[in-house]
file entry-v4.cif (mmCIF, C-alpha atoms and all ligand atoms)
data_target
loop_
_atom_site.label_atom_id
_atom_site.label_comp_id
_atom_site.auth_asym_id
_atom_site.auth_seq_id
_atom_site.Cartn_x
_atom_site.Cartn_y
_atom_site.Cartn_z
CA MET A 39 18.23 -22.83 21.84
CA LYS A 40 20.62 -20.13 23.07
CA TYR A 41 20.03 -17.51 25.74
CA PHE A 42 21.30 -13.93 25.95
CA SER A 43 21.68 -11.43 28.76
CA THR A 44 19.32 -8.45 28.68
CA ASN A 45 22.38 -6.28 29.44
CA ASP A 46 24.39 -7.58 26.51
CA PRO A 47 22.87 -9.34 23.48
CA ASN A 48 26.33 -10.72 22.62
CA HIS A 49 26.61 -12.62 25.89
CA ILE A 50 25.23 -16.00 24.83
CA VAL A 51 24.88 -19.18 26.91
CA ASP A 52 23.09 -22.54 26.76
CA PHE A 53 20.02 -23.48 28.79
CA ARG A 54 21.94 -25.19 31.57
CA THR A 55 24.21 -22.20 32.14
CA ALA A 56 21.26 -19.80 32.13
CA VAL A 57 19.48 -21.92 34.73
CA MET A 58 22.49 -22.50 36.98
CA ASN A 59 23.64 -18.85 36.84
CA GLY A 60 20.16 -17.45 37.42
CA LEU A 61 21.45 -13.93 36.83
CA ALA A 62 23.93 -13.26 34.00
CA PRO A 63 27.45 -12.25 35.17
CA ASP A 64 26.83 -8.72 33.83
CA GLY A 65 23.75 -8.40 36.04
CA GLY A 66 21.31 -8.92 33.15
CA LEU A 67 18.50 -11.45 32.91
CA TYR A 68 18.59 -14.36 30.51
CA MET A 69 16.16 -14.49 27.61
CA PRO A 70 15.76 -17.03 24.79
CA GLU A 71 17.34 -15.81 21.54
CA ASN A 72 14.09 -16.43 19.79
CA ILE A 73 10.67 -17.48 21.03
CA PRO A 74 9.72 -20.79 19.41
CA GLY A 75 6.32 -20.96 17.75
CA LEU A 76 4.13 -23.93 18.64
CA LYS A 77 2.27 -25.90 16.00
CA ARG A 78 -1.37 -25.04 15.33
CA ASP A 79 -2.22 -28.61 16.26
CA PHE A 80 -0.90 -28.06 19.73
CA ILE A 81 -3.12 -25.01 20.24
CA GLU A 82 -6.17 -26.71 18.73
CA ASN A 83 -5.78 -29.77 20.95
CA LEU A 84 -5.24 -27.90 24.20
CA ASN A 85 -8.71 -28.84 25.45
CA LYS A 86 -7.62 -32.50 25.35
CA THR A 87 -4.13 -32.05 26.78
CA SER A 88 -3.29 -32.37 30.48
CA LEU A 89 -1.31 -29.69 32.28
CA PRO A 90 1.92 -31.72 32.63
CA GLU A 91 1.66 -32.86 29.01
CA ILE A 92 1.35 -29.22 27.93
CA GLY A 93 4.35 -28.50 30.14
CA LEU A 94 6.43 -31.22 28.55
CA GLN A 95 5.71 -30.02 25.02
CA VAL A 96 6.43 -26.39 25.87
CA ILE A 97 9.61 -26.97 27.87
CA ASN A 98 10.98 -29.33 25.24
CA GLU A 99 11.29 -26.28 22.97
CA PHE A 100 13.56 -24.51 25.45
CA ALA A 101 15.51 -27.19 27.33
CA ASP A 102 16.96 -28.85 24.28
CA ASN A 103 20.02 -30.25 26.08
CA LEU A 104 17.94 -32.70 28.13
CA SER A 105 16.25 -35.73 26.65
CA ARG A 106 12.49 -35.84 26.37
CA SER A 107 12.30 -38.65 28.92
CA GLU A 108 14.41 -36.72 31.44
CA LEU A 109 12.19 -33.69 30.96
CA GLU A 110 9.10 -35.82 31.26
CA ALA A 111 10.22 -37.13 34.67
CA ILE A 112 10.96 -33.60 35.87
CA VAL A 113 7.76 -31.98 34.60
CA TYR A 114 5.38 -34.73 35.74
CA ASP A 115 6.92 -34.76 39.22
CA ALA A 116 6.94 -30.95 39.50
CA ILE A 117 3.48 -30.21 38.13
CA ASN A 118 1.52 -32.75 40.14
CA PHE A 119 -1.40 -30.46 40.98
CA LYS A 120 -4.12 -28.72 39.01
CA ALA A 121 -4.78 -25.21 37.69
CA PRO A 122 -8.57 -25.19 37.26
CA LEU A 123 -10.34 -22.45 35.34
CA ILE A 124 -13.55 -21.51 37.15
CA GLU A 125 -16.30 -19.63 35.36
CA LEU A 126 -17.70 -16.84 37.54
CA ASP A 127 -20.13 -15.32 35.07
CA ASP A 128 -20.80 -15.39 31.31
CA HIS A 129 -17.66 -13.50 30.46
CA THR A 130 -15.36 -13.80 33.45
CA SER A 131 -13.30 -16.78 34.55
CA VAL A 132 -10.68 -17.13 37.24
CA LEU A 133 -7.60 -19.30 36.81
CA GLU A 134 -6.85 -20.78 40.23
CA LEU A 135 -3.10 -21.10 40.64
CA PHE A 136 -3.07 -21.98 44.33
CA HIS A 137 -3.46 -25.74 44.35
CA GLY A 138 0.24 -26.50 44.91
CA PRO A 139 1.82 -27.32 48.27
CA THR A 140 2.39 -23.71 49.40
CA LEU A 141 -0.93 -22.45 48.01
CA ALA A 142 0.40 -19.85 45.56
CA PHE A 143 1.31 -19.87 41.87
CA LYS A 144 5.01 -19.81 42.64
CA ASP A 145 4.87 -23.58 43.27
CA PHE A 146 4.83 -24.10 39.49
CA GLY A 147 8.16 -22.46 38.80
CA ALA A 148 9.81 -23.36 42.09
CA ARG A 149 9.10 -27.08 41.92
CA PHE A 150 10.22 -27.29 38.31
CA LEU A 151 13.40 -25.31 38.95
CA ALA A 152 14.35 -27.40 41.99
CA ARG A 153 14.11 -30.65 40.04
CA LEU A 154 15.98 -29.23 37.09
CA MET A 155 18.78 -27.89 39.29
CA GLN A 156 19.03 -31.16 41.15
CA ARG A 157 19.47 -32.91 37.82
CA TYR A 158 22.16 -30.45 36.68
CA HIS A 159 23.95 -30.49 40.05
CA GLN A 160 24.06 -34.25 40.51
CA ASN A 161 27.72 -34.68 39.52
CA GLU A 162 29.17 -31.60 41.28
CA ASN A 163 31.09 -31.80 44.53
CA LYS A 164 30.83 -28.15 45.63
CA GLU A 165 27.80 -27.28 47.70
CA LEU A 166 25.04 -25.40 45.87
CA ILE A 167 23.56 -22.42 47.69
CA ILE A 168 20.21 -21.12 46.53
CA LEU A 169 19.59 -17.54 47.65
CA VAL A 170 16.10 -16.14 47.34
CA ALA A 171 14.74 -12.68 48.08
CA THR A 172 11.08 -13.04 48.88
CA SER A 173 8.27 -10.57 49.32
CA GLY A 174 6.14 -13.32 50.76
CA ASP A 175 5.30 -16.33 48.65
CA THR A 176 8.46 -17.00 46.67
CA GLY A 177 10.45 -18.15 49.64
CA SER A 178 8.20 -20.88 50.88
CA ALA A 179 7.55 -22.18 47.38
CA VAL A 180 11.26 -22.39 46.57
CA ALA A 181 12.21 -23.86 49.92
CA ASN A 182 9.53 -26.52 49.61
CA GLY A 183 10.76 -27.27 46.11
CA PHE A 184 14.33 -27.91 47.35
CA LEU A 185 13.52 -29.37 50.76
CA GLY A 186 15.63 -32.43 51.53
CA MET A 187 17.73 -32.33 48.35
CA ASP A 188 21.32 -33.52 48.98
CA GLY A 189 24.18 -31.07 48.39
CA ILE A 190 21.81 -28.11 48.09
CA LYS A 191 21.10 -25.44 50.73
CA VAL A 192 18.55 -22.65 50.59
CA GLY A 193 18.82 -19.15 52.10
CA LEU A 194 15.57 -17.15 52.20
CA LEU A 195 15.75 -13.36 52.66
CA TYR A 196 12.53 -11.66 53.67
CA PRO A 197 11.74 -8.08 54.76
CA SER A 198 11.12 -7.93 58.49
CA GLY A 199 7.55 -6.93 59.36
CA MET A 200 6.46 -6.79 55.72
CA VAL A 201 5.04 -10.28 55.26
CA SER A 202 1.84 -11.65 56.76
CA LYS A 203 1.86 -13.82 59.87
CA ILE A 204 1.00 -16.86 57.80
CA GLN A 205 3.70 -16.12 55.23
CA GLU A 206 6.26 -15.67 58.00
CA GLN A 207 5.30 -19.01 59.52
CA GLN A 208 5.65 -20.65 56.12
CA LEU A 209 9.07 -19.07 55.61
CA THR A 210 10.57 -19.74 59.01
CA THR A 211 9.38 -23.22 59.98
CA ILE A 212 10.72 -25.34 57.13
CA GLY A 213 14.02 -26.42 58.71
CA GLY A 214 16.24 -29.06 57.13
CA ASN A 215 18.43 -27.56 54.41
CA VAL A 216 16.54 -24.24 54.54
CA THR A 217 17.60 -21.10 56.53
CA ALA A 218 15.41 -17.99 56.79
CA PHE A 219 17.14 -14.57 57.05
CA GLU A 220 14.94 -11.80 58.42
CA ILE A 221 16.28 -8.57 56.87
CA ASN A 222 15.78 -5.25 58.61
CA GLY A 223 14.70 -3.52 55.38
CA ASN A 224 12.22 -3.82 52.50
CA PHE A 225 11.95 -6.29 49.63
CA ASP A 226 14.21 -4.23 47.38
CA ASP A 227 16.92 -4.42 50.06
CA CYS A 228 16.59 -8.21 50.07
CA GLN A 229 16.82 -8.32 46.31
CA ARG A 230 19.89 -6.06 46.35
CA LEU A 231 21.66 -8.28 48.90
CA VAL A 232 21.04 -11.36 46.77
CA LYS A 233 22.30 -9.65 43.62
CA LYS A 234 25.39 -8.49 45.49
CA ALA A 235 26.08 -11.96 46.87
CA PHE A 236 26.16 -13.38 43.36
CA THR A 237 28.92 -11.01 42.30
CA ASP A 238 30.93 -11.31 45.55
CA GLU A 239 34.32 -12.93 44.82
CA PHE A 240 34.70 -14.53 48.23
CA LEU A 241 31.30 -16.21 48.18
CA LYS A 242 31.80 -17.29 44.57
CA LYS A 243 34.99 -19.15 45.56
CA LYS A 244 33.36 -20.88 48.47
CA TYR A 245 30.07 -21.99 46.94
CA LEU A 246 28.25 -22.63 43.76
CA MET A 247 25.45 -20.08 43.98
CA SER A 248 22.20 -19.62 42.22
CA SER A 249 18.98 -17.75 42.56
CA ALA A 250 15.56 -19.22 42.44
CA ASN A 251 13.31 -16.17 42.35
CA SER A 252 11.55 -14.99 39.25
CA ILE A 253 14.80 -13.81 37.66
CA ASN A 254 15.65 -17.47 36.97
CA LEU A 255 14.49 -18.53 33.55
CA ALA A 256 13.52 -21.96 34.84
CA ARG A 257 11.07 -20.30 37.22
CA LEU A 258 9.58 -18.27 34.44
CA LEU A 259 9.11 -20.86 31.69
CA PRO A 260 6.83 -23.27 33.64
CA GLN A 261 4.54 -20.32 34.27
CA THR A 262 3.70 -20.37 30.57
CA PHE A 263 2.12 -23.84 31.02
CA TYR A 264 -1.02 -22.68 32.77
CA TYR A 265 -1.78 -19.97 30.25
CA PHE A 266 -2.04 -22.66 27.58
CA SER A 267 -4.06 -24.81 29.94
CA ALA A 268 -6.45 -21.91 30.63
CA TYR A 269 -7.11 -21.58 26.91
CA GLY A 270 -7.78 -25.31 26.68
CA GLN A 271 -10.23 -25.15 29.57
CA SER A 272 -12.06 -22.09 28.28
CA ASP A 273 -14.69 -22.39 25.62
CA CYS A 274 -12.95 -19.85 23.43
CA SER A 275 -13.84 -20.83 19.90
CA LYS A 276 -10.99 -21.12 17.47
CA ASP A 277 -11.20 -17.50 16.38
CA GLN A 278 -11.68 -16.04 19.80
CA LYS A 279 -8.72 -14.68 21.65
CA MET A 280 -8.33 -14.39 25.39
CA LEU A 281 -8.22 -11.26 27.44
CA LEU A 282 -5.76 -11.94 30.26
CA CYS A 283 -5.46 -10.03 33.50
CA VAL A 284 -2.39 -10.67 35.65
CA PRO A 285 -1.84 -9.34 39.20
CA SER A 286 1.80 -8.25 39.07
CA GLY A 287 4.75 -7.40 41.29
CA ASN A 288 8.07 -8.49 39.82
CA PHE A 289 6.27 -9.17 36.53
CA GLY A 290 7.45 -12.75 36.10
CA ASN A 291 3.91 -14.00 35.76
CA LEU A 292 2.98 -11.42 33.14
CA THR A 293 6.24 -12.02 31.26
CA ALA A 294 5.39 -15.73 31.10
CA GLY A 295 1.98 -14.81 29.67
CA LEU A 296 3.63 -12.60 27.05
CA ILE A 297 5.98 -15.44 26.09
CA ALA A 298 3.00 -17.82 25.78
CA GLY A 299 1.40 -15.28 23.46
CA LYS A 300 4.53 -15.10 21.30
CA MET A 301 4.55 -18.90 21.14
CA GLY A 302 1.12 -18.83 19.57
CA LEU A 303 -1.42 -18.68 22.37
CA PRO A 304 -4.36 -16.60 21.10
CA VAL A 305 -4.32 -13.58 23.41
CA GLU A 306 -6.26 -10.46 22.52
CA HIS A 307 -4.80 -8.16 25.13
CA TYR A 308 -3.03 -8.17 28.49
CA ILE A 309 -3.96 -6.26 31.61
CA ALA A 310 -1.24 -5.65 34.18
CA ALA A 311 -2.87 -5.24 37.59
CA VAL A 312 -0.71 -3.61 40.25
CA ASN A 313 -1.29 -2.22 43.72
CA ALA A 314 0.01 1.17 44.92
CA ASN A 315 3.45 0.23 43.55
CA HIS A 316 2.72 1.72 40.15
CA VAL A 317 6.09 2.08 38.42
CA PHE A 318 4.86 -0.06 35.50
CA THR A 319 1.53 1.72 35.00
CA ASP A 320 3.46 5.02 35.06
CA TYR A 321 5.72 3.60 32.39
CA LEU A 322 2.74 2.63 30.22
CA ALA A 323 1.37 6.14 30.59
CA SER A 324 4.58 8.07 29.99
CA GLY A 325 7.18 5.80 28.39
CA LEU A 326 9.45 6.63 31.32
CA TYR A 327 10.63 4.05 33.83
CA HIS A 328 11.30 5.46 37.29
CA PRO A 329 11.82 2.83 40.00
CA HIS A 330 10.83 3.89 43.51
CA PRO A 331 11.09 2.30 46.97
CA ALA A 332 8.39 -0.32 47.49
CA VAL A 333 5.39 0.74 49.55
CA LYS A 334 3.50 -1.65 51.78
CA THR A 335 0.02 -2.79 50.70
CA LEU A 336 -2.52 -5.51 51.46
CA SER A 337 -1.39 -7.45 48.38
CA ASN A 338 2.13 -7.60 49.74
CA ALA A 339 3.54 -10.20 47.35
CA MET A 340 3.27 -7.43 44.75
CA ASP A 341 5.03 -4.73 46.80
CA VAL A 342 7.86 -4.16 44.34
CA GLY A 343 9.24 -0.77 43.36
CA ASP A 344 11.67 -1.93 40.66
CA PRO A 345 10.28 -5.04 38.97
CA SER A 346 13.15 -7.23 37.86
CA ASN A 347 11.40 -8.63 34.79
CA PHE A 348 10.92 -5.19 33.26
CA SER A 349 14.08 -5.68 31.20
CA ARG A 350 12.68 -8.96 29.88
CA ILE A 351 9.49 -7.24 28.76
CA LEU A 352 11.59 -4.64 26.96
CA ALA A 353 13.62 -7.42 25.31
CA LEU A 354 10.46 -9.26 24.19
CA TYR A 355 9.31 -6.12 22.39
CA ASN A 356 12.73 -5.04 21.11
CA GLN A 357 12.60 -2.02 23.43
CA ASN A 358 9.64 -0.72 21.46
CA PHE A 359 7.42 1.30 23.78
CA SER A 360 4.49 1.66 21.42
CA SER A 361 4.08 -2.09 20.89
CA ILE A 362 4.25 -2.63 24.64
CA SER A 363 1.59 -0.03 25.33
CA ASP A 364 -0.57 -1.38 22.46
CA ASN A 365 -0.47 -4.86 23.96
CA ILE A 366 -0.70 -4.18 27.67
CA THR A 367 -2.97 -1.90 29.68
CA GLY A 368 -2.18 -1.31 33.32
CA TYR A 369 -4.17 -0.28 36.38
CA SER A 370 -3.03 0.57 39.87
CA ILE A 371 -5.52 -0.48 42.56
CA SER A 372 -5.54 1.01 46.06
CA ASP A 373 -5.92 -0.96 49.27
CA GLN A 374 -9.35 0.55 49.77
CA GLN A 375 -10.46 -0.62 46.33
CA THR A 376 -8.99 -4.02 47.09
CA ILE A 377 -11.20 -4.38 50.15
CA GLU A 378 -14.28 -3.17 48.26
CA THR A 379 -13.54 -5.70 45.52
CA ILE A 380 -13.20 -8.63 47.93
CA LYS A 381 -16.70 -7.71 49.18
CA GLU A 382 -18.15 -7.18 45.73
CA VAL A 383 -16.84 -10.46 44.29
CA TYR A 384 -18.17 -12.37 47.28
CA LYS A 385 -21.55 -10.71 47.11
CA SER A 386 -22.18 -10.73 43.38
CA LEU A 387 -20.24 -13.83 42.28
CA LYS A 388 -20.19 -15.94 45.47
CA TYR A 389 -16.45 -16.28 45.14
CA ILE A 390 -13.75 -15.56 47.71
CA VAL A 391 -10.73 -13.77 46.24
CA ASP A 392 -7.51 -13.03 48.11
CA PRO A 393 -6.12 -9.44 47.99
CA HIS A 394 -3.92 -10.21 44.94
CA GLY A 395 -6.77 -11.75 43.00
CA ALA A 396 -8.92 -8.78 44.00
CA VAL A 397 -6.41 -6.37 42.45
CA GLY A 398 -6.67 -8.48 39.29
CA TYR A 399 -10.46 -8.51 39.24
CA GLU A 400 -10.71 -4.76 39.85
CA ALA A 401 -8.22 -3.96 37.08
CA LEU A 402 -10.25 -6.10 34.68
CA LYS A 403 -13.40 -4.26 35.68
CA LYS A 404 -11.74 -0.90 35.09
CA TYR A 405 -10.57 -2.02 31.67
CA ARG A 406 -14.11 -3.03 30.76
CA GLU A 407 -15.52 0.24 32.01
CA GLU A 408 -12.96 2.23 30.05
CA THR A 409 -13.19 0.33 26.79
CA GLY A 410 -16.85 -0.70 26.92
CA LEU A 411 -15.75 -4.16 25.73
CA VAL A 412 -17.16 -7.29 27.33
CA GLN A 413 -15.21 -10.09 25.67
CA LYS A 414 -14.40 -13.21 27.64
CA ALA A 415 -11.63 -12.65 30.13
CA VAL A 416 -9.50 -14.67 32.49
CA PHE A 417 -7.98 -13.20 35.61
CA LEU A 418 -5.39 -15.04 37.66
CA GLU A 419 -5.95 -15.89 41.31
CA THR A 420 -2.38 -16.14 42.49
CA ALA A 421 -2.85 -17.29 46.11
CA HIS A 422 -5.36 -19.19 48.23
CA PRO A 423 -7.51 -16.71 50.22
CA GLY A 424 -6.62 -18.72 53.36
CA LYS A 425 -3.06 -17.37 53.07
CA PHE A 426 -4.48 -13.91 53.75
CA ALA A 427 -7.14 -15.13 56.14
CA GLU A 428 -6.96 -12.12 58.45
CA ILE A 429 -7.76 -9.58 55.73
CA VAL A 430 -10.37 -11.71 54.00
CA GLU A 431 -12.12 -12.80 57.19
CA ASN A 432 -12.30 -9.25 58.57
CA THR A 433 -13.58 -7.94 55.27
CA LEU A 434 -16.25 -10.56 54.69
CA GLU A 435 -17.04 -11.31 58.33
CA ILE A 436 -16.83 -15.02 57.65
CA LYS A 437 -14.48 -17.77 58.78
CA ILE A 438 -12.23 -19.37 56.16
CA ASP A 439 -11.08 -22.94 56.65
CA LEU A 440 -7.30 -23.10 56.43
CA PRO A 441 -6.07 -25.98 54.30
CA GLU A 442 -4.56 -28.66 56.56
CA SER A 443 -0.93 -28.06 55.55
CA LEU A 444 -1.28 -24.42 56.56
CA ALA A 445 -3.00 -25.14 59.85
CA LEU A 446 -0.10 -27.44 60.80
CA CYS A 447 2.51 -24.88 59.84
CA MET A 448 0.86 -22.23 62.03
CA LYS A 449 1.57 -24.35 65.11
CA LYS A 450 5.33 -24.62 64.53
CA GLU A 451 7.99 -22.38 66.12
CA LYS A 452 9.59 -19.56 64.09
CA MET A 453 13.31 -20.00 63.29
CA ALA A 454 14.94 -16.98 61.61
CA VAL A 455 18.35 -15.27 61.60
CA PHE A 456 18.15 -11.47 61.86
CA SER A 457 20.38 -9.29 59.63
CA PRO A 458 20.84 -5.58 58.85
CA PRO A 459 20.26 -4.61 55.19
CA ASP A 460 23.98 -3.90 54.58
CA PHE A 461 26.00 -6.33 52.55
CA ASN A 462 29.14 -6.79 54.67
CA PRO A 463 27.41 -7.81 57.90
CA PHE A 464 24.93 -9.87 55.89
CA ARG A 465 27.75 -11.79 54.24
CA GLU A 466 29.23 -12.77 57.63
CA ILE A 467 25.84 -13.82 58.94
CA LEU A 468 25.16 -15.83 55.80
CA ILE A 469 28.46 -17.72 56.00
CA SER A 470 28.04 -18.61 59.63
CA HIS A 471 24.42 -19.75 59.42
CA ILE A 472 23.82 -21.41 56.10
C1 LIG B 501 4.60 -13.31 43.59
C2 LIG B 501 3.17 -13.05 43.65
C3 LIG B 501 2.56 -12.14 42.77
C4 LIG B 501 3.34 -11.33 41.78
O1 LIG B 501 3.88 -12.11 40.75
P1 LIG B 501 5.06 -11.54 39.83
O2 LIG B 501 5.41 -12.67 38.94
O3 LIG B 501 6.18 -11.17 40.75
O4 LIG B 501 4.52 -10.36 39.12
C5 LIG B 501 1.19 -11.99 42.83
N1 LIG B 501 0.45 -12.67 43.74
C6 LIG B 501 1.01 -13.53 44.62
C7 LIG B 501 0.14 -14.22 45.60
C8 LIG B 501 2.37 -13.77 44.59
O5 LIG B 501 2.90 -14.62 45.45
#
call {"tool": "encode", "arguments": {"input": "entry-v4.cif", "output": "structure tokens"}}
result
Amino acid sequence: MKYFSTNDPNHIVDFRTAVMNGLAPDGGLYMPENIPGLKRDFIENLNKTSLPEIGLQVINEFADNLSRSELEAIVYDAINFKAPLIELDDHTSVLELFHGPTLAFKDFGARFLARLMQRYHQNENKELIILVATSGDTGSAVANGFLGMDGIKVGLLYPSGMVSKIQEQQLTTIGGNVTAFEINGNFDDCQRLVKKAFTDEFLKKKYLMSSANSINLARLLPQTFYYFSAYGQSDCSKDQKMLLCVPSGNFGNLTAGLIAGKMGLPVEHYIAAVNANHVFTDYLASGLYHPHPAVKTLSNAMDVGDPSNFSRILALYNQNFSSISDNITGYSISDQQTIETIKEVYKSLKYIVDPHGAVGYEALKKYREETGLVQKAVFLETAHPGKFAEIVENTLEIKIDLPESLALCMKKEKMAVFSPPDFNPFREILISHI
């Protein structure tokens, strides 16, 4: 399988290069040249296939320069936790993606990518620097994935004052080969600094560099695994297709769902659920893509004004706007609606959703109201509600038990290096602290 850059279809590389580069040299994102179709057998047997086994079969289609046994070791070690589908009522299920070590779905991609990069890096003598812009959950997932790996260092860039207390603790208390950079700017500034670092000649001479946020293909592909698993766990009969609702920020998660659909997963329709950062819903309404500065919301891991995976979505649909808008419906959910939804889901379904999951649930509800359809649907719960304990506890007037790993992390001391959002000073700070 070959991979091309979304900026230049003639720029072609193999899987290893796509993974180690993260971003293509021309600034584009890598995409598979064609999306492999999975056998009918595979789809029909999903209810009997474990999550890592699904992962192995899917990734084997893409990572064709590694042996099946090498891939098996990587996938089974990375995906060592569950993604249960919980039925909330007759036609609504939630796919819980927060059972990994940092309690958000990003553990899937981050753990897989770390192991894959370690495998590819094992014979290099230059140090590998992983730079990650994070709006909250990416950073801790990636850092935990790479923690303790020899010859690899991780730099996390997060927007000062724009992540929750818990997220900040998770980002800044890891230590070891991980350094947190607190950027005096927003998430888009962080992302811009990372992109700039990758094209900086001086840094490129000094280090091997790679990204590990959702622009890396090896972060994206493992996110297809749980869509297949959700289908296996649902009681969708053979002819029934799934309605999927995905809370979205950088749109990696939704892109993975679209890829799963192209591989043969029976999906009826996709719902993109966003918060007040509505560049994608505007695009669906108008066909025009106008990035804007990110605004701060309660579902802060989705505070993205220029989603990086947009170009991948365009590539998947051959830039065809009408097929995109036929396949995906989008809703933008306000903070006030998010709070109302957390209450409603708790009251009527006895289930605690976090603010991101609430955006997902509310978007699904709006879709049902608008279309009058009540087919079976799955919405994704992307983080454990305990990660947003303050919001959820104040809203529901209950106490949430923090999982033990999180309670421990809250007691540790913050260690972060402050930086302005401008590249030149950032570069100096990076070199002296990483
Ligand atoms: C990252 C994240 C999202 C957004 O996912 P994208 O792939 O960037 O669209 C949603 N919810 C949570 C909790 C996240 O951490």
call {"tool": "residues_around", "arguments": {"input": "entry-v4.cif", "residues": "Ala401 of chain A", "least_positions_apart": "3", "cutoff": "7 Å", "atoms": "all atoms listed in the file", "output": "PyMOL selection string"}}
result
chain A and resi 311+369+397-398+404-405
call {"tool": "closest_atom_pairs", "arguments": {"input": "entry-v4.cif", "of": "segment 379-448 of chain A", "to": "segment 326-344 of chain A", "cutoff": "8 Å", "atoms": "all atoms listed in the file", "output": "CSV"}}
result
residue,atom,partner,partner_atom,distance
A:Pro393,CA,A:Ser337,CA,5.1
A:His394,CA,A:Ser337,CA,5.1
A:Val397,CA,A:Ser337,CA,7.8
A:Ile429,CA,A:Leu336,CA,7.9
call {"tool": "residues_near_ligand", "arguments": {"input": "entry-v4.cif", "ligand": "ligand LIG 501 (chain B)", "cutoff": "8 Å", "atoms": "all atoms listed in the file", "output": "list in words"}}
result
Ala142, Phe143, Lys144, Ser173, Gly174, Asp175, Thr176, Ser252, Val284, Pro285, Ser286, Gly287, Asn288, Phe289, Gly290, Asn291, Leu292, Thr293, Ser337, Asn338, Ala339, Met340, Pro345, His394, Gly395, Glu419, Thr420, Ala421 and His422 of chain A
call {"tool": "residues_around", "arguments": {"input": "entry-v4.cif", "residues": "segment 443-456 of chain A", "least_positions_apart": "6", "cutoff": "6 Å", "atoms": "all atoms listed in the file", "output": "PyMOL selection string"}}
result
chain A and resi 210-211+218-220
call {"tool": "residues_around", "arguments": {"input": "entry-v4.cif", "residues": "Gln413 of chain A", "least_positions_apart": "3", "cutoff": "9 Å", "atoms": "all atoms listed in the file", "output": "list in words"}}
result
His129, Thr130, Lys279, Met280, Leu281 and Arg406 of chain A
call {"tool": "write_last_selection", "arguments": {"input": "entry-v4.cif", "atoms": "C-alpha atoms", "output": "PDB file, keeping the file's coordinate frame"}}
result
ATOM      1  CA  HIS A 129     -17.660 -13.500  30.460  1.00  0.00           C
ATOM      2  CA  THR A 130     -15.360 -13.800  33.450  1.00  0.00           C
ATOM      3  CA  LYS A 279      -8.720 -14.680  21.650  1.00  0.00           C
ATOM      4  CA  MET A 280      -8.330 -14.390  25.390  1.00  0.00           C
ATOM      5  CA  LEU A 281      -8.220 -11.260  27.440  1.00  0.00           C
ATOM      6  CA  ARG A 406     -14.110  -3.030  30.760  1.00  0.00           C
TER       7      ARG A 406
END
call {"tool": "residues_around", "arguments": {"input": "entry-v4.cif", "residues": "segment 361-366 of chain A", "least_positions_apart": "3", "cutoff": "9 Å", "atoms": "all atoms listed in the file", "output": "ChimeraX atom specification"}}
result
/A:306-310,321-323,325,351-352,355,357-358
call {"tool": "write_last_selection", "arguments": {"input": "entry-v4.cif", "atoms": "C-alpha atoms", "output": "PDB file, in the frame of the given file"}}
result
ATOM      1  CA  GLU A 306      -6.260 -10.460  22.520  1.00  0.00           C
ATOM      2  CA  HIS A 307      -4.800  -8.160  25.130  1.00  0.00           C
ATOM      3  CA  TYR A 308      -3.030  -8.170  28.490  1.00  0.00           C
ATOM      4  CA  ILE A 309      -3.960  -6.260  31.610  1.00  0.00           C
ATOM      5  CA  ALA A 310      -1.240  -5.650  34.180  1.00  0.00           C
ATOM      6  CA  TYR A 321       5.720   3.600  32.390  1.00  0.00           C
ATOM      7  CA  LEU A 322       2.740   2.630  30.220  1.00  0.00           C
ATOM      8  CA  ALA A 323       1.370   6.140  30.590  1.00  0.00           C
ATOM      9  CA  GLY A 325       7.180   5.800  28.390  1.00  0.00           C
ATOM     10  CA  ILE A 351       9.490  -7.240  28.760  1.00  0.00           C
ATOM     11  CA  LEU A 352      11.590  -4.640  26.960  1.00  0.00           C
ATOM     12  CA  TYR A 355       9.310  -6.120  22.390  1.00  0.00           C
ATOM     13  CA  GLN A 357      12.600  -2.020  23.430  1.00  0.00           C
ATOM     14  CA  ASN A 358       9.640  -0.720  21.460  1.00  0.00           C
TER      15      ASN A 358
END
call {"tool": "closest_residue", "arguments": {"input": "entry-v4.cif", "among": "A:Ile81, A:Arg153, A:Lys86, A:Ile472", "to": "Ala111 of chain A", "atoms": "only C-alpha atoms"}}
result
A:Arg153
call {"tool": "closest_residue", "arguments": {"input": "entry-v4.cif", "among": "A:Lys242, A:Leu135, A:Val201, A:Asn83", "to": "Pro63 of chain A", "atoms": "only C-alpha atoms"}}
result
A:Lys242
call {"tool": "atom_distance", "arguments": {"input": "entry-v4.cif", "atom1": "atom CA of Lys40 of chain A", "atom2": "atom CA of Lys164 of chain A"}}
result
26.0 Å
call {"tool": "closest_residue", "arguments": {"input": "entry-v4.cif", "among": "A:Ser267, A:Thr367, A:Ile212, A:Asn313", "to": "Asn85 of chain A", "atoms": "all atoms listed in the file"}}
result
A:Ser267
